[in-house]
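Data first, discussion second: the structure below is written as structure tokens.
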Amino acid sequence: MNFRTNLHRIRLSAAALLLVAAASAQETPAPPPSIEYGRLTITGYELREERLNPPFRTWSDGKETLHQYAFKVVIRGGRFPVRALDPILWIGDTPVRNYERELFADGESLLFCVTDPALLRAERDLTVIYGTDERTRTRLIERLDPERLVKLPAAERAASGLPELEGVTLTAVGADGRIAGRGRLAAGRIALVVRLDDGKLVPLATEVALDAQGRFAVAAGPLPARASHVAALLLTGERAAAAAGAATLAGVELAALPKGIELLDSKAIRR
């Protein structure tokens, strides 16, 4: 066997190997590109009343209720991804799962349907997450504010049977302790506290009661020099007892309120 014969065989073997490699590459598809999910692009929210067509169904104790009208929390943002996991709106610690999408030329909105007005009290956190995918958890900078509610026309609203939203808004907060506000609450008790410059709360020994027009005005006396804000808190259940409420609030922070106490409004003190 001469040199030329060996060289020819080597070239044939190399060509065969190249053909096998090419066939293997065709049989094994390239892996699909990975999709990274992260925080969502959210630009704000709207709160509005809306007529539902078709009606929205809820069940309680095995009984079905058809809602012709409801509240909508509209989360505005960029293009929200379409996934096997559905987006969930958390209002405080309550999930809202019923939603629909609205597309616009420059973005998209997620519309979440709410039938329980107590869920829409002021100052609750709004968070959107896809299922349990913590990578997508995005909390809005703005808190829920019933004052921003866009209402239906008066005649339609009267026929809808929608209740007024609950909440309390502080309208005047003076360093002399003169505090005024307005609102509506179906249950619970309002407690006023001051927040010091270190973030700690000091309860004010002042009873707050809304009059027939939903207003209140109290004189709590001069506020501490280190106080920066006055906050109105809602105490429910056992916390609504005056002694339990005062004992629980002393020295805590707004970000760590005990169960049964929630923030209604907070305003800077005018000096």
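The way I read the labels, and the way they are meant: chains A, B, ... in the order of the structure tokens, residue 1 as the first residue of every chain, and ligand 1 as the first ligand shown, with later ones counted on from there.
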
Worksheet item: Mind checking DSSP for region 33-140 of chain A and telling me the helix (DSSP H, G or I) residues as JSON, numbers by chain?
Response: {"A": [117, 118, 119, 120]}

Fill in: Selection: 6 Å around Gly78 (chain A), only C-alpha atoms, excl. self and same-chain fewer than 4 positions, as JSON, numbers by chain
{"A": [41, 107, 108]}

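When only C-alpha atoms are used to compute distances to Ile75 (chain A), the closest of the residues A:Gly44, A:Gly62, A:Gly183, A:Pro163 turns out to be A:Gly44.
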
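Of the residues listed (A:Arg270, A:Leu235, A:Tyr69, A:Ile179), A:Leu235 shows the shortest atom-to-atom separation from Pro258 (chain A); distances use only C-alpha atoms.
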
Worksheet item: If you count only C-alpha atoms, which residues fall within 12 Å of Phe71 (chain A), apart from same-chain ones fewer than 4 positions away, as a PyMOL selection string?
Response: chain A and resi 46-52+56+67+96+98-99+111-120+146+149-152+157+160-165

Discussion item. I need the strand (DSSP E or B) residues of region 116-241 of chain A per DSSP on the backbone, written as a ChimeraX atom specification.
Written reply: /A:126-130,133-139,150,167-174,178-184,189-196,200-203,215-219,227-235

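One finds CA of Gln68 (chain A) at 28.7 Å from CA of Ile42 (chain A).
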
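Interatomic distance, CA of Ala186 (chain A) to CA of Glu238 (chain A): 16.0 Å.
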
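Residue neighbourhood of Arg97 (chain A), excluding near-sequence residues (fewer than 2 positions): Asp86, Pro87, Ile88, Leu89, Pro95, Tyr99 and Phe112 of chain A, at 8 Å, using only C-alpha atoms.
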
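Using only C-alpha atoms, the contacts of Ala225 (chain A) at a cut-off of 12 Å, with sequence neighbours closer than 5 positions omitted, comprise A:Ala175, A:Asp176, A:Gly177, A:Val194, A:Arg195, A:Leu196, A:Asp197, A:Ile269, A:Arg271.
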
Export of the given selection (N, CA and C atoms) as a short mmCIF file (atom, residue, chain, number, x, y, z; two decimals), in the first residue's frame:
data_model
loop_
_atom_site.label_atom_id
_atom_site.label_comp_id
_atom_site.auth_asym_id
_atom_site.auth_seq_id
_atom_site.Cartn_x
_atom_site.Cartn_y
_atom_site.Cartn_z
N ALA A 175 -49.72 71.55 65.25
CA ALA A 175 -48.80 71.25 66.35
C ALA A 175 -49.46 71.48 67.71
N ASP A 176 -50.54 72.29 67.72
CA ASP A 176 -51.26 72.53 68.97
C ASP A 176 -52.20 71.38 69.33
N GLY A 177 -52.23 70.35 68.51
CA GLY A 177 -53.07 69.18 68.79
C GLY A 177 -54.47 69.26 68.26
N VAL A 194 -49.18 59.90 67.19
CA VAL A 194 -48.14 60.73 66.57
C VAL A 194 -46.94 59.84 66.29
N ARG A 195 -46.24 60.16 65.21
CA ARG A 195 -45.01 59.44 64.88
C ARG A 195 -43.83 60.34 65.19
N LEU A 196 -42.90 59.85 66.01
CA LEU A 196 -41.73 60.62 66.39
C LEU A 196 -40.67 60.54 65.30
N ASP A 197 -39.60 61.34 65.46
CA ASP A 197 -38.54 61.36 64.45
C ASP A 197 -37.76 60.06 64.36
N ILE A 269 -47.26 67.19 60.37
CA ILE A 269 -47.76 68.20 61.31
C ILE A 269 -47.41 69.59 60.80
N ARG A 271 -46.49 73.24 61.45
CA ARG A 271 -45.92 74.01 62.54
C ARG A 271 -45.74 75.46 62.14
#

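Computed from the coordinates, the CA of Arg182 (chain A) to CA of Leu264 (chain A) distance equals 11.1 Å.
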
Fill in: Shell around Leu263 (chain A) at 12 Å using only C-alpha atoms, local window under 3 positions removed, as number ranges by chain
A: 92, 121-125, 143-145, 167-170, 189-193, 230-236, 249, 253-260, 266-267

Worksheet item: Which is closer to Leu66 (chain A) than all the others in A:Thr136, A:Thr43, A:Thr171, A:Asn53, using only C-alpha atoms?
Response: A:Asn53
